[in-house]
Amino acid sequence: MALTIAAFVANRLVYLSTVDSIIIAFYFVLVLAIGWYLKGRANTGEDFFMAGREMTAWIAGLSFLSANLGSLELMGWAAAAYQYGILATHWYWFGAIPAMLFLALVMMPFYYISKTHSVPGYLKLRYGEPARALSAISFAFMTVLMSGINMYSMALVMKVVLGWDINFSIWVSSLTVAIYVALGGLRSAIFNEVLQFVLIWAGALLIPILGLVETGGWGNLKLQIAHNASAEYTHLWSTLGSFQGNPMGIHWTGIVFGLGFILSFGYWTTDFLVVQRVLAAKDLRSAKMAPVIGAAFKMMVPFIVILPGLLGLAVLPLKLTGETQAVATGGHSYNEVLPLMLARYCGPGLLGLGITALIAGFMSGMAGNVSAFATVWTYDIYRALIYKDGTDQHYVSMGRWCTVLGVLISVGTAYLVMQFASIMDYVQALFSFFIAPLFGTVVLGMLWKRVTGPAGFWGLLAGTLSSIGMWAWVKVDPSALRYVALSPYAKDMAENMYRALWSTLFGVLVTIVVSYMTTPRPEAELRGLVYGATEIPHEAHVSWRHRPAFWASVVGVVFVVLNILVW
Amino acid sequence: MREISIWFFIGISLLVNGVLITAAGVWEIFHAPLHPVVQFNLHANVWWGALLLVLGAAACVHFAPRRA
């Protein structure tokens with residue numbers, strides 16, 4: 001019976017009608033047309049790398065979210081929902097919303113007023129060249145790896161759903177991204193990300209709608225999941241009292257402190273991939289509103305990502321497994337739950353749109369990585385360390401070539417990533433290496449005048465090395481998990497949370513100690529960079545309904561209500 | 001020429017997809033598929049495609065490029 005169903009699904013997955021193919025082809029034509037149309041608007045460095053700093057709050061906000069809504073979001077978290085249940089929603093709510101609002105209201109003024117072109121650029125202004133170099137090199141390394149993960153995920157979907165050759169998928173999508181980003185720069189990436197955001201919703205929203213119709217609503221869905229898996233799969237907080245009480249093997253302290261306060265703040269406030277979109281806003285108010293708009297939509301993303309994973313637990317007649325087991329048995333892995341649900345509900349036309357949504361997700365994530373990589377490489381590595389006296393035109397050319405080069409390196413890493421069993425766990429490990437310690441360094445620099453340049457550098461280095469060290473320690477001696485993650489039962493994701501927490505705290509500690517051992521910079525040099533030394537424009541003349549703080553409060557209230565509803 | 005709004009491009013995308021999906025849905029009503037999807041009786045591609053078509057057409061009209 002199971003074999004029959006699997007064969008049916010497999011046959012169904014590889015079938016594309018003519019209308020589906022036309023929809024997918026039209027998408028590729030449109031994104032290339034946008035890139036071609038915008039090529040004349042990317043002649044200066046400010047245009048190519050910062051989109052002229054003239055994006056509205058809505059465009060910057062949707063792009064901010066879309067750059068993150070890559071393959072990992074769509075496929076990886078649907079897979080995580082199937083594997084761990086509704087706990088995966090923490091990465092969208094508690095692991096995102098507070099940090100996005102913090103970026104909007106607290107950190108954005110310093111990024112924007114300093115007129116930096118990148119996060120490493122801010123570190124240069126605040127701490128000096130060594131901190132920038134360390135941050136830029138680690139970011140560039142992480143970014144091409146992330147891009148490779150995106151490509152791998154996309155190729156996997158194309159293989160499962162359409163039977164496309166994995167190499168064909170990687171090269172077609174990556175060359176398309178390379179062309180439209182190299183032509184139109186960040187503006188082209190942002191415009192396409194907004195288009196991709198709309199297509200993702202248009203293509204993915206039907207799955208939860210039809211799934212809830214099939215299961216008879218949320219109440220019945222919970223009953224079916226309790227029958228097929230466990231009732232714990234539909235509780236967000238109530239099972240986090242012990243490591244063994246939930247499918248993820250994590251304690252609430254890991255979610256609150258590791259994810260909520262370290263990894264999430266690190267990613268949403270210092271990962272240049274997303275921050276770059278907000279820096280392109282046309283004024284400070286737009287730059288503050290953009291993350292608030294992004295947060296409002298972020299709260300809704302679980303509807304198209306987590307819910308399909310949960311629906312898979314309830315309605316799919318076959319049991320999904322880990323990647324290794326799926327390959328060994330010829331079955332389907334967790335990562336395929338979203339395409340399987342797509343094939344279940346979407347007929348001709350809708351299937352094409354759904355596949356387009358997946359491709360759009362992959363390409364928006366890839367474009368985000370590539371455009372951020374091009375900026376950091378050109379401004380923070382090439383101009384800072386290799387060739388300081390080039391013309392603006394020279395750096396724009398470097399940015400274009402670097403876009404193509406970044407894509408090629410990403411293609412190489414895509415093949416490397418295929419060796420790893422779990423996509424998401426791997427990404428979280430990378431975050432805990434590079435992004436989590438960076439948050440401590442940046443936020444201390446923004447909020448405390450006493451922090452010195454050497455302290456910023458040594459704190460960042462200590463945080464990064466301690467994170468890598470803890471990871472290596474557990475690899476060499478698995479029993480060390482009881483110390484790093486506070487429990488021998490902790491799973492990979494829980495380990496990543498705690499490693500992020502310890503590495504950030506260690507980095508902050510080193511930063512504070514070194515600050516007191518070194519001479520602080522004069523306050524005049526910190527103007528526009530640090531709280532207390534920066535005049536932040538008041539919004540007294542702006543009506544309450546145009547104030548970012550008001551809308552951040554609205555988002556905050558909805559966020560609390562949602563968490564209580566699925567407690 | 002003023003810059004064409006991104007919402008115009010999005011309108012084109014929704015409009016074209018809406019037309020294609022609705023047409024495919026209507027075709028399926030009269031030519032039942034051999035292996036229908038789950039919930040086929042709801043004819044999601046007809047009403048979802050129509051919704052995209054209407055939204056796309058509205059965006060195309062509202063954000064149509066005009067000479068400055």
# chains A, B, ... in the order shown; residues from 1 in each chain; ligands from 1
$ interface_residues --of "chain A" --to "chain B" --cutoff "7 Å" --atoms "only C-alpha atoms" --output "VMD selection string"
chain A and resid 19 23 191 195 344 to 350
$ residues_around --residues "A:Ser169" --least-positions-apart "5" --cutoff "8 Å" --atoms "only C-alpha atoms" --output "list in words"
Met154, Ala155, Met158 and Trp164 of chain A
$ residues_around --residues "A:Phe243" --least-positions-apart "3" --cutoff "9 Å" --atoms "only C-alpha atoms" --output "count of residues only"
12
$ closest_residue --among "A:Trp93, A:Ala540, A:His117, A:Thr321" --to "A:Val560" --atoms "only C-alpha atoms"
A:Trp93
$ select_by_dssp --residues "stretch 419-557 of chain A" --states "helix (DSSP H, G or I)" --output "ChimeraX atom specification"
/A:423-447,453-476,478-484,492-517,523-526,544-546,548-557
$ write_last_selection --atoms "C-alpha atoms" --output "mmCIF file, in the first residue's frame"
data_model
loop_
_atom_site.group_PDB
_atom_site.id
_atom_site.type_symbol
_atom_site.label_atom_id
_atom_site.label_comp_id
_atom_site.auth_asym_id
_atom_site.auth_seq_id
_atom_site.Cartn_x
_atom_site.Cartn_y
_atom_site.Cartn_z
ATOM 1 C CA ILE A 423 20.270 21.575 6.120
ATOM 2 C CA MET A 424 18.861 23.619 8.952
ATOM 3 C CA ASP A 425 21.091 22.319 11.708
ATOM 4 C CA TYR A 426 24.100 23.146 9.585
ATOM 5 C CA VAL A 427 22.914 26.705 9.024
ATOM 6 C CA GLN A 428 22.208 27.241 12.698
ATOM 7 C CA ALA A 429 25.745 26.094 13.481
ATOM 8 C CA LEU A 430 27.102 28.703 11.083
ATOM 9 C CA PHE A 431 24.981 31.390 12.699
ATOM 10 C CA SER A 432 26.281 30.517 16.104
ATOM 11 C CA PHE A 433 29.869 30.739 14.811
ATOM 12 C CA PHE A 434 29.744 34.137 13.164
ATOM 13 C CA ILE A 435 26.508 36.009 13.725
ATOM 14 C CA ALA A 436 25.791 35.510 17.417
ATOM 15 C CA PRO A 437 29.099 36.936 18.714
ATOM 16 C CA LEU A 438 28.769 39.859 16.301
ATOM 17 C CA PHE A 439 25.559 40.992 17.968
ATOM 18 C CA GLY A 440 27.326 41.478 21.312
ATOM 19 C CA THR A 441 30.047 43.535 19.645
ATOM 20 C CA VAL A 442 27.684 45.763 17.651
ATOM 21 C CA VAL A 443 25.125 46.410 20.363
ATOM 22 C CA LEU A 444 27.782 47.198 22.970
ATOM 23 C CA GLY A 445 29.354 49.618 20.525
ATOM 24 C CA MET A 446 26.034 51.336 19.890
ATOM 25 C CA LEU A 447 24.916 51.630 23.502
ATOM 26 C CA GLY A 453 38.476 49.735 19.329
ATOM 27 C CA PRO A 454 40.768 46.913 20.513
ATOM 28 C CA ALA A 455 37.996 45.675 22.819
ATOM 29 C CA GLY A 456 35.590 45.382 19.877
ATOM 30 C CA PHE A 457 38.088 43.360 17.868
ATOM 31 C CA TRP A 458 39.197 41.012 20.646
ATOM 32 C CA GLY A 459 35.643 40.525 21.887
ATOM 33 C CA LEU A 460 34.449 39.536 18.418
ATOM 34 C CA LEU A 461 37.405 37.220 17.853
ATOM 35 C CA ALA A 462 37.001 35.584 21.265
ATOM 36 C CA GLY A 463 33.268 35.034 20.717
ATOM 37 C CA THR A 464 33.777 33.473 17.289
ATOM 38 C CA LEU A 465 36.652 31.218 18.344
ATOM 39 C CA SER A 466 34.855 30.083 21.495
ATOM 40 C CA SER A 467 31.826 29.105 19.411
ATOM 41 C CA ILE A 468 33.924 27.101 16.954
ATOM 42 C CA GLY A 469 35.815 25.607 19.901
ATOM 43 C CA MET A 470 32.641 24.402 21.635
ATOM 44 C CA TRP A 471 31.388 22.897 18.362
ATOM 45 C CA ALA A 472 34.687 21.054 17.874
ATOM 46 C CA TRP A 473 34.673 19.913 21.522
ATOM 47 C CA VAL A 474 31.291 18.203 21.124
ATOM 48 C CA LYS A 475 32.359 16.689 17.787
ATOM 49 C CA VAL A 476 35.468 15.167 19.359
ATOM 50 C CA PRO A 478 29.971 13.887 22.355
ATOM 51 C CA SER A 479 29.670 13.640 26.132
ATOM 52 C CA ALA A 480 30.637 17.338 26.280
ATOM 53 C CA LEU A 481 27.091 18.068 25.192
ATOM 54 C CA ARG A 482 26.033 17.955 28.841
ATOM 55 C CA TYR A 483 28.244 21.001 29.492
ATOM 56 C CA VAL A 484 27.684 22.995 26.281
ATOM 57 C CA ASP A 492 21.541 19.744 17.403
ATOM 58 C CA MET A 493 19.290 22.786 17.402
ATOM 59 C CA ALA A 494 19.363 23.038 21.201
ATOM 60 C CA GLU A 495 23.153 22.737 21.121
ATOM 61 C CA ASN A 496 23.341 25.589 18.620
ATOM 62 C CA MET A 497 21.176 27.777 20.842
ATOM 63 C CA TYR A 498 23.347 27.310 23.901
ATOM 64 C CA ARG A 499 26.596 27.604 21.964
ATOM 65 C CA ALA A 500 25.384 30.941 20.605
ATOM 66 C CA LEU A 501 24.501 32.088 24.099
ATOM 67 C CA TRP A 502 27.854 31.139 25.684
ATOM 68 C CA SER A 503 29.952 32.500 22.819
ATOM 69 C CA THR A 504 28.129 35.832 22.879
ATOM 70 C CA LEU A 505 28.433 36.149 26.653
ATOM 71 C CA PHE A 506 32.130 35.265 26.427
ATOM 72 C CA GLY A 507 32.661 37.828 23.656
ATOM 73 C CA VAL A 508 30.867 40.505 25.684
ATOM 74 C CA LEU A 509 32.944 39.659 28.747
ATOM 75 C CA VAL A 510 36.198 39.956 26.800
ATOM 76 C CA THR A 511 34.993 43.238 25.276
ATOM 77 C CA ILE A 512 34.253 44.719 28.704
ATOM 78 C CA VAL A 513 37.545 43.575 30.233
ATOM 79 C CA VAL A 514 39.651 44.849 27.325
ATOM 80 C CA SER A 515 37.710 48.143 27.319
ATOM 81 C CA TYR A 516 38.758 48.838 30.892
ATOM 82 C CA MET A 517 42.358 47.963 30.013
ATOM 83 C CA GLU A 523 33.282 61.509 22.657
ATOM 84 C CA ALA A 524 33.546 63.821 19.652
ATOM 85 C CA GLU A 525 34.746 60.864 17.543
ATOM 86 C CA LEU A 526 31.707 58.821 18.532
ATOM 87 C CA TRP A 544 0.926 58.984 15.917
ATOM 88 C CA ARG A 545 -0.237 56.784 13.052
ATOM 89 C CA HIS A 546 2.953 57.536 11.120
ATOM 90 C CA PRO A 548 7.284 53.527 13.869
ATOM 91 C CA ALA A 549 6.923 53.171 17.658
ATOM 92 C CA PHE A 550 3.127 53.044 17.394
ATOM 93 C CA TRP A 551 3.145 50.307 14.744
ATOM 94 C CA ALA A 552 5.846 48.428 16.622
ATOM 95 C CA SER A 553 3.485 48.412 19.635
ATOM 96 C CA VAL A 554 0.657 47.030 17.485
ATOM 97 C CA VAL A 555 2.929 44.259 16.182
ATOM 98 C CA GLY A 556 4.071 43.563 19.738
ATOM 99 C CA VAL A 557 0.508 43.109 21.010
#
$ closest_residue --among "A:Met142, A:Leu358, A:Val451, A:Leu210" --to "A:Leu338" --atoms "only C-alpha atoms"
A:Leu358
$ atom_distance --atom1 "atom CA of A:Tyr127" --atom2 "atom CA of A:Ala280"
23.2 Å
$ closest_residue --among "A:Gly390, A:Gly40, A:Gly365, A:Gly211" --to "A:Leu316" --atoms "only C-alpha atoms"
A:Gly211
$ closest_residue --among "A:Gly254, A:Gly412, A:Gly35, A:Gly266" --to "A:Gly241" --atoms "only C-alpha atoms"
A:Gly254
$ residues_around --residues "stretch 42-54 of chain A" --least-positions-apart "4" --cutoff "12 Å" --atoms "only C-alpha atoms" --output "MDAnalysis selection string"
chainID A and resid 35:38 58:60 112 115:118 180:191 275:284 286:287 368 370:379 390:400 402:403
